[in-house]
Structure formats: C-alpha cells, structure tokens
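So this block is coords-v1.pdb, PDB, C-alpha atoms:
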```pdb
ATOM      1  CA  MET D   1      84.505  98.781 106.155
ATOM      2  CA  LEU D   2      85.793  96.805 109.117
ATOM      3  CA  VAL D   3      89.381  95.560 109.014
ATOM      4  CA  THR D   4      89.308  92.131 110.661
ATOM      5  CA  GLU D   5      92.990  91.225 110.297
ATOM      6  CA  VAL D   6      96.308  92.800 109.326
ATOM      7  CA  VAL D   7      98.903  90.396 107.923
ATOM      8  CA  GLU D   8     102.588  91.327 107.777
ATOM      9  CA  GLU D   9     103.646  89.869 104.439
ATOM     10  CA  THR D  10     107.211  91.263 104.417
ATOM     11  CA  PRO D  11     108.989  93.928 106.502
ATOM     12  CA  ASP D  12     107.529  96.608 104.198
ATOM     13  CA  ALA D  13     104.235  95.105 102.994
ATOM     14  CA  LYS D  14     100.970  94.369 104.787
ATOM     15  CA  SER D  15      97.648  92.865 103.790
ATOM     16  CA  PHE D  16      94.348  94.155 105.172
ATOM     17  CA  VAL D  17      91.462  91.683 105.445
ATOM     18  CA  LEU D  18      87.981  93.198 105.264
ATOM     19  CA  GLU D  19      84.524  92.240 106.441
ATOM     20  CA  ILE D  20      81.920  93.418 103.952
ATOM     21  CA  PRO D  21      78.375  93.841 105.342
ATOM     22  CA  ALA D  22      75.823  91.540 103.754
ATOM     23  CA  GLU D  23      73.886  94.462 102.305
ATOM     24  CA  LEU D  24      76.997  95.580 100.379
ATOM     25  CA  SER D  25      78.098  92.171  99.140
ATOM     26  CA  ALA D  26      76.710  92.744  95.640
ATOM     27  CA  ALA D  27      78.358  96.158  95.335
ATOM     28  CA  PHE D  28      81.708  94.713  96.425
ATOM     29  CA  ALA D  29      81.628  91.645  94.179
ATOM     30  CA  TYR D  30      84.832  91.614  92.138
ATOM     31  CA  ARG D  31      86.835  89.891  89.439
ATOM     32  CA  PRO D  32      90.404  88.629  89.926
ATOM     33  CA  GLY D  33      92.917  91.416  89.284
ATOM     34  CA  GLN D  34      90.683  94.339  90.269
ATOM     35  CA  PHE D  35      91.484  97.045  92.828
ATOM     36  CA  LEU D  36      89.854  99.010  95.650
ATOM     37  CA  THR D  37      90.098 102.757  96.139
ATOM     38  CA  VAL D  38      90.908 103.580  99.764
ATOM     39  CA  ARG D  39      90.252 107.073 101.073
ATOM     40  CA  VAL D  40      93.069 107.968 103.459
ATOM     41  CA  SER D  41      91.836 111.484 104.233
ATOM     42  CA  ASP D  42      89.474 114.105 102.812
ATOM     43  CA  THR D  43      92.009 114.929 100.094
ATOM     44  CA  VAL D  44      94.042 111.725  99.719
ATOM     45  CA  ALA D  45      92.787 108.485  98.175
ATOM     46  CA  ARG D  46      94.821 105.609  96.805
ATOM     47  CA  CYS D  47      94.130 102.511  94.696
ATOM     48  CA  TYR D  48      95.333  99.125  95.948
ATOM     49  CA  SER D  49      94.816  95.795  94.216
ATOM     50  CA  LEU D  50      92.905  92.962  95.805
ATOM     51  CA  SER D  51      95.148  90.023  96.621
ATOM     52  CA  SER D  52      92.230  87.795  97.541
ATOM     53  CA  SER D  53      90.362  85.714  94.983
ATOM     54  CA  PRO D  54      86.583  85.797  94.628
ATOM     55  CA  HIS D  55      86.759  82.027  94.040
ATOM     56  CA  THR D  56      88.922  80.910  96.968
ATOM     57  CA  ASP D  57      88.677  83.564  99.700
ATOM     58  CA  THR D  58      85.635  84.361 101.813
ATOM     59  CA  ARG D  59      86.827  87.859 102.692
ATOM     60  CA  LEU D  60      88.308  90.647 100.604
ATOM     61  CA  LYS D  61      91.982  91.421 101.117
ATOM     62  CA  PHE D  62      94.125  94.208  99.691
ATOM     63  CA  THR D  63      97.882  94.481 100.043
ATOM     64  CA  VAL D  64      99.988  97.604 100.530
ATOM     65  CA  LYS D  65     103.743  98.039 100.187
ATOM     66  CA  ARG D  66     105.493 101.008 101.725
ATOM     67  CA  VAL D  67     107.118 103.488  99.363
ATOM     68  CA  PRO D  68     109.401 106.406 100.293
ATOM     69  CA  ASP D  69     107.262 109.348 101.448
ATOM     70  CA  GLY D  70     104.103 107.444 100.505
ATOM     71  CA  ARG D  71     101.194 109.402 101.988
ATOM     72  CA  GLY D  72      98.782 106.516 101.556
ATOM     73  CA  SER D  73     100.858 103.361 101.954
ATOM     74  CA  ASN D  74     102.840 104.512 104.976
ATOM     75  CA  TRP D  75      99.782 105.857 106.766
ATOM     76  CA  LEU D  76      97.892 102.581 106.257
ATOM     77  CA  CYS D  77     100.833 100.438 107.382
ATOM     78  CA  ASP D  78     101.505 102.602 110.437
ATOM     79  CA  ASN D  79      97.973 103.268 111.636
ATOM     80  CA  VAL D  80      95.437 100.674 110.530
ATOM     81  CA  ARG D  81      94.965  97.757 112.909
ATOM     82  CA  ALA D  82      92.387  94.995 113.243
ATOM     83  CA  GLY D  83      89.120  96.586 114.349
ATOM     84  CA  ALA D  84      89.685  99.805 112.388
ATOM     85  CA  GLN D  85      87.262 101.150 109.809
ATOM     86  CA  VAL D  86      88.399 102.155 106.321
ATOM     87  CA  ASP D  87      86.508 104.172 103.719
ATOM     88  CA  LEU D  88      86.374 102.350 100.361
ATOM     89  CA  LEU D  89      84.947 102.566  96.875
ATOM     90  CA  PRO D  90      83.738  99.296  95.301
ATOM     91  CA  PRO D  91      86.173  97.220  93.215
ATOM     92  CA  ALA D  92      87.087  98.441  89.737
ATOM     93  CA  GLY D  93      89.626  97.867  86.996
ATOM     94  CA  SER D  94      90.068  95.890  83.780
ATOM     95  CA  PHE D  95      93.270  93.972  84.618
ATOM     96  CA  THR D  96      91.404  90.693  84.682
ATOM     97  CA  PRO D  97      91.236  87.639  82.403
ATOM     98  CA  GLY D  98      88.215  87.297  80.175
ATOM     99  CA  ARG D  99      88.135  83.589  81.062
ATOM    100  CA  LEU D 100      89.878  81.352  83.578
ATOM    101  CA  ASP D 101      90.571  78.284  81.454
ATOM    102  CA  GLY D 102      93.423  79.571  79.255
ATOM    103  CA  ASP D 103      97.200  79.390  79.611
ATOM    104  CA  LEU D 104      98.713  82.635  80.943
ATOM    105  CA  LEU D 105     102.132  84.249  81.265
ATOM    106  CA  LEU D 106     102.312  86.511  84.324
ATOM    107  CA  LEU D 107     105.087  89.026  84.978
ATOM    108  CA  ALA D 108     105.206  90.861  88.296
ATOM    109  CA  GLY D 109     107.669  93.190  89.969
ATOM    110  CA  GLY D 110     107.540  93.923  93.711
ATOM    111  CA  SER D 111     104.005  94.769  94.824
ATOM    112  CA  GLY D 112     102.849  94.095  91.264
ATOM    113  CA  ILE D 113     102.257  90.545  92.492
ATOM    114  CA  THR D 114      99.114  91.740  94.302
ATOM    115  CA  PRO D 115      96.588  91.541  91.432
ATOM    116  CA  VAL D 116      98.550  88.701  89.841
ATOM    117  CA  ILE D 117      98.141  86.351  92.805
ATOM    118  CA  SER D 118      94.399  86.970  92.689
ATOM    119  CA  ILE D 119      94.448  85.819  89.059
ATOM    120  CA  ILE D 120      96.649  82.821  89.917
ATOM    121  CA  LYS D 121      94.366  81.575  92.692
ATOM    122  CA  SER D 122      91.280  82.044  90.550
ATOM    123  CA  VAL D 123      92.657  80.205  87.510
ATOM    124  CA  LEU D 124      93.980  77.311  89.598
ATOM    125  CA  SER D 125      90.642  76.992  91.388
ATOM    126  CA  GLU D 126      88.166  77.446  88.547
ATOM    127  CA  GLY D 127      90.039  76.714  85.307
ATOM    128  CA  ASP D 128      92.390  74.189  83.837
ATOM    129  CA  GLY D 129      94.959  76.523  82.276
ATOM    130  CA  ARG D 130      98.701  76.495  82.878
ATOM    131  CA  LEU D 131     100.408  79.488  84.475
ATOM    132  CA  ALA D 132     103.984  80.719  84.306
ATOM    133  CA  LEU D 133     104.978  83.498  86.737
ATOM    134  CA  VAL D 134     108.127  85.592  86.475
ATOM    135  CA  TYR D 135     108.398  87.544  89.741
ATOM    136  CA  ALA D 136     111.139  90.144  90.297
ATOM    137  CA  ASN D 137     112.214  91.411  93.736
ATOM    138  CA  ARG D 138     115.224  92.897  95.457
ATOM    139  CA  ASP D 139     115.976  89.810  97.563
ATOM    140  CA  GLU D 140     114.284  86.802  99.174
ATOM    141  CA  GLU D 141     113.088  88.836 102.164
ATOM    142  CA  SER D 142     111.118  91.175  99.908
ATOM    143  CA  VAL D 143     109.150  88.435  98.088
ATOM    144  CA  ILE D 144     105.505  89.091  98.939
ATOM    145  CA  PHE D 145     103.351  85.936  99.280
ATOM    146  CA  ALA D 146     106.479  83.739  99.084
ATOM    147  CA  ALA D 147     105.038  80.903 101.184
ATOM    148  CA  GLU D 148     101.639  81.058  99.490
ATOM    149  CA  LEU D 149     103.219  80.874  96.036
ATOM    150  CA  ARG D 150     105.335  77.878  97.046
ATOM    151  CA  GLU D 151     102.274  76.126  98.431
ATOM    152  CA  LEU D 152     100.240  76.820  95.279
ATOM    153  CA  ALA D 153     103.031  75.511  93.034
ATOM    154  CA  ALA D 154     103.364  72.360  95.151
ATOM    155  CA  ARG D 155      99.611  71.778  95.138
ATOM    156  CA  HIS D 156      99.356  72.272  91.362
ATOM    157  CA  PRO D 157     102.478  70.683  89.856
ATOM    158  CA  GLY D 158     102.721  71.319  86.140
ATOM    159  CA  ARG D 159     100.090  74.046  86.207
ATOM    160  CA  LEU D 160     102.023  76.782  88.037
ATOM    161  CA  VAL D 161     105.675  77.363  87.173
ATOM    162  CA  LEU D 162     107.563  79.972  89.261
ATOM    163  CA  HIS D 163     110.586  81.941  88.070
ATOM    164  CA  HIS D 164     111.973  84.243  90.789
ATOM    165  CA  TRP D 165     114.280  87.055  89.668
ATOM    166  CA  LEU D 166     116.228  88.478  92.619
ATOM    167  CA  ASP D 167     118.188  91.676  91.981
ATOM    168  CA  LEU D 168     120.921  90.811  94.494
ATOM    169  CA  ARG D 169     121.667  87.634  92.547
ATOM    170  CA  CYS D 170     120.877  88.588  88.958
ATOM    171  CA  GLY D 171     121.020  92.384  88.852
ATOM    172  CA  PHE D 172     118.018  94.413  87.751
ATOM    173  CA  PRO D 173     115.713  92.725  85.231
ATOM    174  CA  THR D 174     117.030  93.130  81.682
ATOM    175  CA  VAL D 175     115.327  92.825  78.331
ATOM    176  CA  ASP D 176     117.651  89.993  77.305
ATOM    177  CA  GLY D 177     117.159  88.080  80.537
ATOM    178  CA  LEU D 178     113.377  88.441  80.537
ATOM    179  CA  ARG D 179     113.151  87.552  76.863
ATOM    180  CA  GLU D 180     114.845  84.212  77.444
ATOM    181  CA  LEU D 181     112.768  83.462  80.545
ATOM    182  CA  VAL D 182     109.455  84.012  78.773
ATOM    183  CA  ARG D 183     110.343  82.672  75.318
ATOM    184  CA  ALA D 184     108.707  79.298  76.008
ATOM    185  CA  TYR D 185     105.449  81.023  77.003
ATOM    186  CA  ALA D 186     105.282  83.674  74.270
ATOM    187  CA  GLN D 187     102.132  82.208  72.700
ATOM    188  CA  ARG D 188     100.102  82.829  75.846
ATOM    189  CA  GLU D 189      97.997  85.763  76.957
ATOM    190  CA  VAL D 190     100.185  88.017  79.130
ATOM    191  CA  PHE D 191      99.514  90.050  82.281
ATOM    192  CA  ILE D 192     102.200  92.459  83.557
ATOM    193  CA  CYS D 193     102.235  94.559  86.726
ATOM    194  CA  GLY D 194     105.043  96.343  88.528
ATOM    195  CA  PRO D 195     107.285  99.422  88.596
ATOM    196  CA  GLU D 196     107.786 101.288  85.329
ATOM    197  CA  PRO D 197     111.363 100.052  84.597
ATOM    198  CA  PHE D 198     110.196  96.450  84.994
ATOM    199  CA  MET D 199     107.154  97.137  82.814
ATOM    200  CA  ALA D 200     109.314  98.710  80.110
ATOM    201  CA  ALA D 201     111.815  95.831  80.071
ATOM    202  CA  SER D 202     109.021  93.243  80.009
ATOM    203  CA  GLY D 203     107.201  95.030  77.214
ATOM    204  CA  LYS D 204     110.316  95.260  75.062
ATOM    205  CA  ALA D 205     111.173  91.597  75.666
ATOM    206  CA  LEU D 206     107.688  90.555  74.561
ATOM    207  CA  ALA D 207     107.833  92.825  71.520
ATOM    208  CA  GLU D 208     111.138  91.256  70.461
ATOM    209  CA  LEU D 209     109.440  87.852  70.666
ATOM    210  CA  GLY D 210     106.659  89.088  68.416
ATOM    211  CA  VAL D 211     103.891  89.006  71.025
ATOM    212  CA  PRO D 212     101.061  91.203  69.664
ATOM    213  CA  ASP D 213      99.861  94.108  71.786
ATOM    214  CA  GLU D 214      96.332  92.754  71.985
ATOM    215  CA  ARG D 215      97.577  89.768  74.003
ATOM    216  CA  VAL D 216      99.396  91.930  76.567
ATOM    217  CA  HIS D 217      97.530  93.407  79.536
ATOM    218  CA  VAL D 218      99.265  95.874  81.850
ATOM    219  CA  GLU D 219      98.560  97.421  85.259
ATOM    220  CA  ARG D 220     100.906 100.259  86.156
ATOM    221  CA  PHE D 221     101.763 100.995  89.777
ATOM    222  CA  GLN D 222     104.101 103.937  89.353
ATOM    223  CA  LEU D 223     101.484 106.489  90.392
ATOM    224  CA  VAL D 224      99.446 104.639  92.962
ATOM    225  CA  ASP D 225     101.128 106.199  95.967
ATOM    226  CA  GLU D 226     102.247 109.543  94.639
ATOM    227  CA  ASP D 227     100.358 112.786  94.179
ATOM    228  CA  PRO D 228      99.887 113.668  90.509
ATOM    229  CA  PRO D 229     102.587 115.855  88.954
ATOM    230  CA  VAL D 230     102.034 119.575  88.535
ATOM    231  CA  ALA D 231     101.807 120.672  84.920
ATOM    232  CA  THR D 232     103.257 123.829  83.402
ATOM    233  CA  GLY D 233     102.834 125.609  80.093
ATOM    234  CA  GLY D 234      99.749 126.247  77.981
ATOM    235  CA  ALA D 235      97.330 129.152  78.277
ATOM    236  CA  ASP D 236      94.704 130.095  80.857
ATOM    237  CA  ALA D 237      91.144 129.166  79.973
ATOM    238  CA  THR D 238      87.535 129.258  81.167
ATOM    239  CA  ALA D 239      85.750 126.147  82.402
ATOM    240  CA  VAL D 240      81.974 126.023  82.042
ATOM    241  CA  VAL D 241      80.862 123.344  84.482
ATOM    242  CA  THR D 242      77.357 121.956  84.958
ATOM    243  CA  LEU D 243      77.097 120.173  88.296
ATOM    244  CA  ASP D 244      74.081 119.391  90.475
ATOM    245  CA  GLY D 245      71.765 121.221  88.099
ATOM    246  CA  GLU D 246      73.731 124.483  88.113
ATOM    247  CA  THR D 247      76.183 125.908  85.582
ATOM    248  CA  HIS D 248      79.334 127.761  86.691
ATOM    249  CA  ARG D 249      81.928 129.738  84.732
ATOM    250  CA  LEU D 250      85.333 129.269  86.363
ATOM    251  CA  ALA D 251      88.758 130.727  85.630
ATOM    252  CA  TRP D 252      91.046 127.828  84.677
ATOM    253  CA  PRO D 253      94.812 128.485  85.059
ATOM    254  CA  SER D 254      96.909 126.691  82.448
ATOM    255  CA  GLY D 255      98.789 124.441  84.867
ATOM    256  CA  ALA D 256      95.788 123.426  86.993
ATOM    257  CA  LYS D 257      93.753 120.237  86.732
ATOM    258  CA  LEU D 258      90.049 120.702  86.096
ATOM    259  CA  LEU D 259      89.114 118.849  89.296
ATOM    260  CA  ASP D 260      91.242 121.236  91.381
ATOM    261  CA  VAL D 261      89.641 124.257  89.701
ATOM    262  CA  ILE D 262      86.145 122.965  90.445
ATOM    263  CA  MET D 263      86.943 122.138  94.067
ATOM    264  CA  GLU D 264      88.673 125.469  94.698
ATOM    265  CA  ALA D 265      85.449 127.164  93.574
ATOM    266  CA  GLY D 266      83.694 125.524  96.526
ATOM    267  CA  LEU D 267      81.854 122.909  94.457
ATOM    268  CA  ASN D 268      81.597 119.225  95.303
ATOM    269  CA  PRO D 269      82.398 117.104  92.228
ATOM    270  CA  PRO D 270      82.807 113.315  92.445
ATOM    271  CA  TYR D 271      86.375 112.038  92.680
ATOM    272  CA  SER D 272      88.515 109.466  94.425
ATOM    273  CA  CYS D 273      92.084 108.532  93.499
ATOM    274  CA  ARG D 274      93.027 111.805  91.691
ATOM    275  CA  GLN D 275      95.526 109.831  89.604
ATOM    276  CA  GLY D 276      93.625 108.811  86.494
ATOM    277  CA  ILE D 277      93.150 105.253  87.717
ATOM    278  CA  CYS D 278      89.679 104.809  89.203
ATOM    279  CA  GLY D 279      87.417 106.862  86.888
ATOM    280  CA  ALA D 280      85.300 108.326  89.704
ATOM    281  CA  CYS D 281      85.885 111.903  88.450
ATOM    282  CA  ALA D 282      84.802 111.261  84.854
ATOM    283  CA  CYS D 283      82.669 113.984  83.287
ATOM    284  CA  ARG D 284      81.443 114.645  79.740
ATOM    285  CA  LYS D 285      83.127 117.302  77.611
ATOM    286  CA  LEU D 286      80.615 119.188  75.483
ATOM    287  CA  THR D 287      82.910 121.736  73.822
ATOM    288  CA  GLY D 288      86.602 122.626  73.775
ATOM    289  CA  GLU D 289      89.787 120.588  74.010
ATOM    290  CA  VAL D 290      91.754 119.176  76.939
ATOM    291  CA  HIS D 291      94.899 117.150  77.485
ATOM    292  CA  LEU D 292      94.826 114.226  79.931
ATOM    293  CA  MET D 293      98.129 113.884  81.768
ATOM    294  CA  HIS D 294      97.395 110.268  82.735
ATOM    295  CA  ASN D 295      94.660 107.766  81.981
ATOM    296  CA  GLU D 296      94.307 104.157  83.117
ATOM    297  CA  VAL D 297      90.545 103.764  82.824
ATOM    298  CA  LEU D 298      88.930 105.508  79.827
ATOM    299  CA  GLU D 299      88.890 103.639  76.510
ATOM    300  CA  ASP D 300      88.342 104.740  72.917
ATOM    301  CA  GLU D 301      84.565 104.416  73.124
ATOM    302  CA  ASP D 302      84.535 106.625  76.239
ATOM    303  CA  PHE D 303      86.521 109.316  74.439
ATOM    304  CA  ALA D 304      84.150 109.014  71.479
ATOM    305  CA  ASP D 305      81.275 109.782  73.857
ATOM    306  CA  GLY D 306      83.148 112.838  75.140
ATOM    307  CA  TYR D 307      84.212 111.574  78.553
ATOM    308  CA  ILE D 308      87.342 112.925  80.238
ATOM    309  CA  LEU D 309      88.966 112.608  83.663
ATOM    310  CA  ALA D 310      88.653 115.874  85.568
ATOM    311  CA  CYS D 311      91.578 114.979  87.820
ATOM    312  CA  GLN D 312      93.944 114.783  84.830
ATOM    313  CA  ALA D 313      92.502 117.374  82.433
ATOM    314  CA  LEU D 314      94.479 120.461  81.383
ATOM    315  CA  PRO D 315      92.962 123.136  79.110
ATOM    316  CA  ARG D 316      93.881 123.174  75.418
ATOM    317  CA  SER D 317      91.327 125.721  74.212
ATOM    318  CA  GLU D 318      90.076 129.082  75.481
ATOM    319  CA  THR D 319      86.834 127.606  76.778
ATOM    320  CA  VAL D 320      85.976 124.058  77.839
ATOM    321  CA  GLU D 321      82.420 123.066  78.716
ATOM    322  CA  VAL D 322      81.770 119.923  80.766
ATOM    323  CA  THR D 323      78.799 118.377  82.471
ATOM    324  CA  TYR D 324      78.302 115.898  85.314
ATOM    325  CA  GLU D 325      74.618 115.488  84.485
TER     326      GLU D 325
END
```

Would you put the structure from the file into structure tokens?
Amino acid sequence: MLVTEVVEETPDAKSFVLEIPAELSAAFAYRPGQFLTVRVSDTVARCYSLSSSPHTDTRLKFTVKRVPDGRGSNWLCDNVRAGAQVDLLPPAGSFTPGRLDGDLLLLAGGSGITPVISIIKSVLSEGDGRLALVYANRDEESVIFAAELRELAARHPGRLVLHHWLDLRCGFPTVDGLRELVRAYAQREVFICGPEPFMAASGKALAELGVPDERVHVERFQLVDEDPPVATGGADATAVVTLDGETHRLAWPSGAKLLDVIMEAGLNPPYSCRQGICGACACRKLTGEVHLMHNEVLEDEDFADGYILACQALPRSETVEVTYE
C-alpha cells in the first residue's frame, strides 16, 4: 500500500496515512478499534491499531510509537516516508463497540490511545452517546493526539470528557486513583488499551467498583513490538501436519512453537504477526494436546472447533496432528 503522508504526533510516535486502491476498498473496510498487520520483513510482522475512523476519515491511518529495541516500530519510524510502499494484511480485531449510540468509559495508556481515538471519532460522528476518556502518559509532550482530543472535546461539549493522567505530576497510575476517576462512569461499557501495568491497575479498579467482566473490553499492547518469548520445559513430540494437500511428520522439540517447526522443515504455512494477535496462522488440531503461550484472537467456539494458533502452540502430548485444509 502507498504511504501518502507521515505525521509526527510526538517525538517518539508517528502516524502513517495510506492510500488504498479502489479494488481493495472492500477488503480494507474496517470497524473503529481494529488493527492492521504490517510486514516489516520476511520474518517480522507487527500489528498496529488504526487511528483513523471509518466514519470521519477518507484514508486509513495507523500510528506507531517507538519502543526500546523495537524491530518493527523503530524501523517504520526511521525508514518509511511519504511515497513508500508497505505490505499489509486487511484490518482485524474485536476491540470495537457493538453499537455507536451508547455511553462509554475509555481508558488508555500511551500508544493505547490509537484504537481508542478511532472509537471516539466514530461515536461522536455517528452516535449520540457520552464518552469519558482517562488517558495516562509520562508528560504533556508524550500525549499522542493532544490537539485532536482538545478539538473534539471543544466541538462536543458534554459528550466527551477528558481526564489526563501525567506521571510527572501524579506518579504512575494507581488502583485507588483510577477507581476514583472512573467511579462516576462505572455503569458504562468499558474499553481499555495500554501497557500491562496500566491494564492491571485499570482492571482492578473496575473490579473494586463491581463492573462485570462482560462489560470490559481490553486490547493489550505489551507484545505488539516484541518477538515472542522462548519457552522451555515439556517433552519433545511429533507434529503431523497436513498442508497444501500433503501430510508431513515433523520432529517437534519441546520448547519450539509449531509454526517455527513447520517453517524450519521448508514448508510455507500462513502466518503474519507471530504473536497470537492476528489469527493468520490458525490451523485445526485433529488429535493431541497443545499449550498456547498467548492468544488474543481465538474464542471459546474456535477452541471447540479445534482451532489453535501455530505461532503460539507448544506440544503437550507425544503426537499432535493438525491440518490447514
């Protein structure tokens, strides 16, 4: 896809505006809060949320914040300029409201604002619900979309309430502090996105207020710019893999992910993010048992049908049989 513009949001965050060819417009239709998977190289792909809204923006935009040693984020911020081409998978993800006319409580930390602002713009444009945003950052300079949020709040008085939490003023977000900030909005549907410590504090604050789990939607960013951890322990196994009409018996070391085993055998299975987020590597388990180290996409009905994520699967039986057919 063609990058038409690169916007410097903060000293360590950039947005990339895309031009989608007309013939791909249906495939790249999206809902507020969804993400794109960006292939950085043959072996590195990363998921980044769309900060544009399908209701207010004519072009897709995703936003990237640098992280220490980030192989995806740093490469994109350092190398991609207007006029560059990027390799993408279509939008995906379930961090999106079922409707746009309800009242919402939104909690974001750092780059977790990216899918949240897409939801904000969509609700303000298409619905009549009220929004309360609690947004945590290190300092004023690190607030992504600061001007846009101010403008949205000014344009929609009474419908968008902003609560900025700045670490340099208030310290790191605490359960007690967050609980008091969100108490007035505890009856609303909740969307949370940000680093794991912020997610944990927000979740505990909501639990103490009695907010039921079914009203809380989360999008975790702690893995989106890291390579998956290496597992240890367990026993070696055999993987029986049916792919492209052929069946292969592969030695499966205990600490290896199934996707890595298949690729090291010279096969070409589908995959993208390699972090349990996008679902591109999903295959169906016919026999045996596995453990998924991380999962952000499969739900109970998928597990009931036997689906697993090859990029996160470790063996838990002597033989595991899977199929991509």

Convert the output of the PyMOL selection byres ((chain D and resi 246) around 12) on the shown file into explicit residues, formatted as JSON, numbers by chain. {"D": [240, 241, 242, 243, 244, 245, 247, 248, 249, 267, 268, 322, 323, 324, 325]}

Counting all atoms listed in the file, write as an mmCIF file with C-alpha atoms, keeping the file's coordinate frame all protein and nucleic acid residues lying at most 12 Å from (120.6, 92.2, 94.2) in the file's frame.
```cif
data_model
loop_
_atom_site.group_PDB
_atom_site.id
_atom_site.type_symbol
_atom_site.label_atom_id
_atom_site.label_comp_id
_atom_site.auth_asym_id
_atom_site.auth_seq_id
_atom_site.Cartn_x
_atom_site.Cartn_y
_atom_site.Cartn_z
ATOM 1 C CA ALA D 136 111.139 90.144 90.297
ATOM 2 C CA ASN D 137 112.214 91.411 93.736
ATOM 3 C CA ARG D 138 115.224 92.897 95.457
ATOM 4 C CA ASP D 139 115.976 89.810 97.563
ATOM 5 C CA GLU D 140 114.284 86.802 99.174
ATOM 6 C CA GLU D 141 113.088 88.836 102.164
ATOM 7 C CA SER D 142 111.118 91.175 99.908
ATOM 8 C CA TRP D 165 114.280 87.055 89.668
ATOM 9 C CA LEU D 166 116.228 88.478 92.619
ATOM 10 C CA ASP D 167 118.188 91.676 91.981
ATOM 11 C CA LEU D 168 120.921 90.811 94.494
ATOM 12 C CA ARG D 169 121.667 87.634 92.547
ATOM 13 C CA CYS D 170 120.877 88.588 88.958
ATOM 14 C CA GLY D 171 121.020 92.384 88.852
ATOM 15 C CA PHE D 172 118.018 94.413 87.751
ATOM 16 C CA PRO D 173 115.713 92.725 85.231
#
```

Just how far from CA of Cys193 in chain D is CA of Ala207 in chain D, in Å to one decimal? 16.3 Å

Output the residue selection produced by the PyMOL selection byres ((chain D and resi 197) around 10) on the file above, formatted as a PyMOL selection string. chain D and resi 109+172-174+194-196+198-203+222

Filtering to C-alpha atoms, could you give me those residues as a short mmCIF file (atom, residue, chain, number, x, y, z; two decimals), in the frame of the given file?
```cif
data_model
loop_
_atom_site.label_atom_id
_atom_site.label_comp_id
_atom_site.auth_asym_id
_atom_site.auth_seq_id
_atom_site.Cartn_x
_atom_site.Cartn_y
_atom_site.Cartn_z
CA GLY D 109 107.67 93.19 89.97
CA PHE D 172 118.02 94.41 87.75
CA PRO D 173 115.71 92.72 85.23
CA THR D 174 117.03 93.13 81.68
CA GLY D 194 105.04 96.34 88.53
CA PRO D 195 107.28 99.42 88.60
CA GLU D 196 107.79 101.29 85.33
CA PHE D 198 110.20 96.45 84.99
CA MET D 199 107.15 97.14 82.81
CA ALA D 200 109.31 98.71 80.11
CA ALA D 201 111.82 95.83 80.07
CA SER D 202 109.02 93.24 80.01
CA GLY D 203 107.20 95.03 77.21
CA GLN D 222 104.10 103.94 89.35
#
```

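Residue neighbourhood of range 151-161 of chain D, excluding near-sequence residues (fewer than 6 positions): Asp103, Ile120, Lys121, Leu124, Asp128, Gly129, Arg130, Leu131, Ala132, Leu133 and Val134 of chain D, at 9 Å, using only C-alpha atoms.
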
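Atom pair CA of Glu318 in chain D / CA of Glu296 in chain D: separated by 26.4 Å.
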
Under the PyMOL selection byres ((chain D and resi 29-45) around 9), which residues of this model are included? Write them out as a PDB file with C-alpha atoms, keeping the file's coordinate frame.
```pdb
ATOM      1  CA  LEU D  24      76.997  95.580 100.379  1.00  0.00           C
ATOM      2  CA  SER D  25      78.098  92.171  99.140  1.00  0.00           C
ATOM      3  CA  ALA D  26      76.710  92.744  95.640  1.00  0.00           C
ATOM      4  CA  ALA D  27      78.358  96.158  95.335  1.00  0.00           C
ATOM      5  CA  PHE D  28      81.708  94.713  96.425  1.00  0.00           C
ATOM      6  CA  ARG D  46      94.821 105.609  96.805  1.00  0.00           C
ATOM      7  CA  CYS D  47      94.130 102.511  94.696  1.00  0.00           C
ATOM      8  CA  TYR D  48      95.333  99.125  95.948  1.00  0.00           C
ATOM      9  CA  SER D  49      94.816  95.795  94.216  1.00  0.00           C
ATOM     10  CA  LEU D  50      92.905  92.962  95.805  1.00  0.00           C
ATOM     11  CA  SER D  51      95.148  90.023  96.621  1.00  0.00           C
ATOM     12  CA  SER D  52      92.230  87.795  97.541  1.00  0.00           C
ATOM     13  CA  SER D  53      90.362  85.714  94.983  1.00  0.00           C
ATOM     14  CA  PRO D  54      86.583  85.797  94.628  1.00  0.00           C
ATOM     15  CA  HIS D  55      86.759  82.027  94.040  1.00  0.00           C
ATOM     16  CA  PHE D  62      94.125  94.208  99.691  1.00  0.00           C
ATOM     17  CA  ARG D  71     101.194 109.402 101.988  1.00  0.00           C
ATOM     18  CA  GLY D  72      98.782 106.516 101.556  1.00  0.00           C
ATOM     19  CA  TRP D  75      99.782 105.857 106.766  1.00  0.00           C
ATOM     20  CA  LEU D  76      97.892 102.581 106.257  1.00  0.00           C
ATOM     21  CA  VAL D  86      88.399 102.155 106.321  1.00  0.00           C
ATOM     22  CA  ASP D  87      86.508 104.172 103.719  1.00  0.00           C
ATOM     23  CA  LEU D  88      86.374 102.350 100.361  1.00  0.00           C
ATOM     24  CA  LEU D  89      84.947 102.566  96.875  1.00  0.00           C
ATOM     25  CA  PRO D  90      83.738  99.296  95.301  1.00  0.00           C
ATOM     26  CA  PRO D  91      86.173  97.220  93.215  1.00  0.00           C
ATOM     27  CA  ALA D  92      87.087  98.441  89.737  1.00  0.00           C
ATOM     28  CA  GLY D  93      89.626  97.867  86.996  1.00  0.00           C
ATOM     29  CA  SER D  94      90.068  95.890  83.780  1.00  0.00           C
ATOM     30  CA  PHE D  95      93.270  93.972  84.618  1.00  0.00           C
ATOM     31  CA  THR D  96      91.404  90.693  84.682  1.00  0.00           C
ATOM     32  CA  PRO D  97      91.236  87.639  82.403  1.00  0.00           C
ATOM     33  CA  THR D 114      99.114  91.740  94.302  1.00  0.00           C
ATOM     34  CA  PRO D 115      96.588  91.541  91.432  1.00  0.00           C
ATOM     35  CA  VAL D 116      98.550  88.701  89.841  1.00  0.00           C
ATOM     36  CA  ILE D 117      98.141  86.351  92.805  1.00  0.00           C
ATOM     37  CA  SER D 118      94.399  86.970  92.689  1.00  0.00           C
ATOM     38  CA  ILE D 119      94.448  85.819  89.059  1.00  0.00           C
ATOM     39  CA  ILE D 120      96.649  82.821  89.917  1.00  0.00           C
ATOM     40  CA  LYS D 121      94.366  81.575  92.692  1.00  0.00           C
ATOM     41  CA  SER D 122      91.280  82.044  90.550  1.00  0.00           C
ATOM     42  CA  ASP D 225     101.128 106.199  95.967  1.00  0.00           C
ATOM     43  CA  ASP D 227     100.358 112.786  94.179  1.00  0.00           C
ATOM     44  CA  SER D 272      88.515 109.466  94.425  1.00  0.00           C
ATOM     45  CA  CYS D 273      92.084 108.532  93.499  1.00  0.00           C
ATOM     46  CA  ARG D 274      93.027 111.805  91.691  1.00  0.00           C
ATOM     47  CA  CYS D 278      89.679 104.809  89.203  1.00  0.00           C
TER      48      CYS D 278
END
```

Enclose the full set of atoms of range 152-168 of chain D listed in the file within a box whose edges lie along x, y and z, apply 3 Å of padding to each of the six sides, and report centre and edge lengths in Å to one decimal as lines of an AutoDock Vina configuration file.
```
center_x = 110.1
center_y = 81.2
center_z = 90.7
size_x = 27.6
size_y = 27.0
size_z = 15.1
```
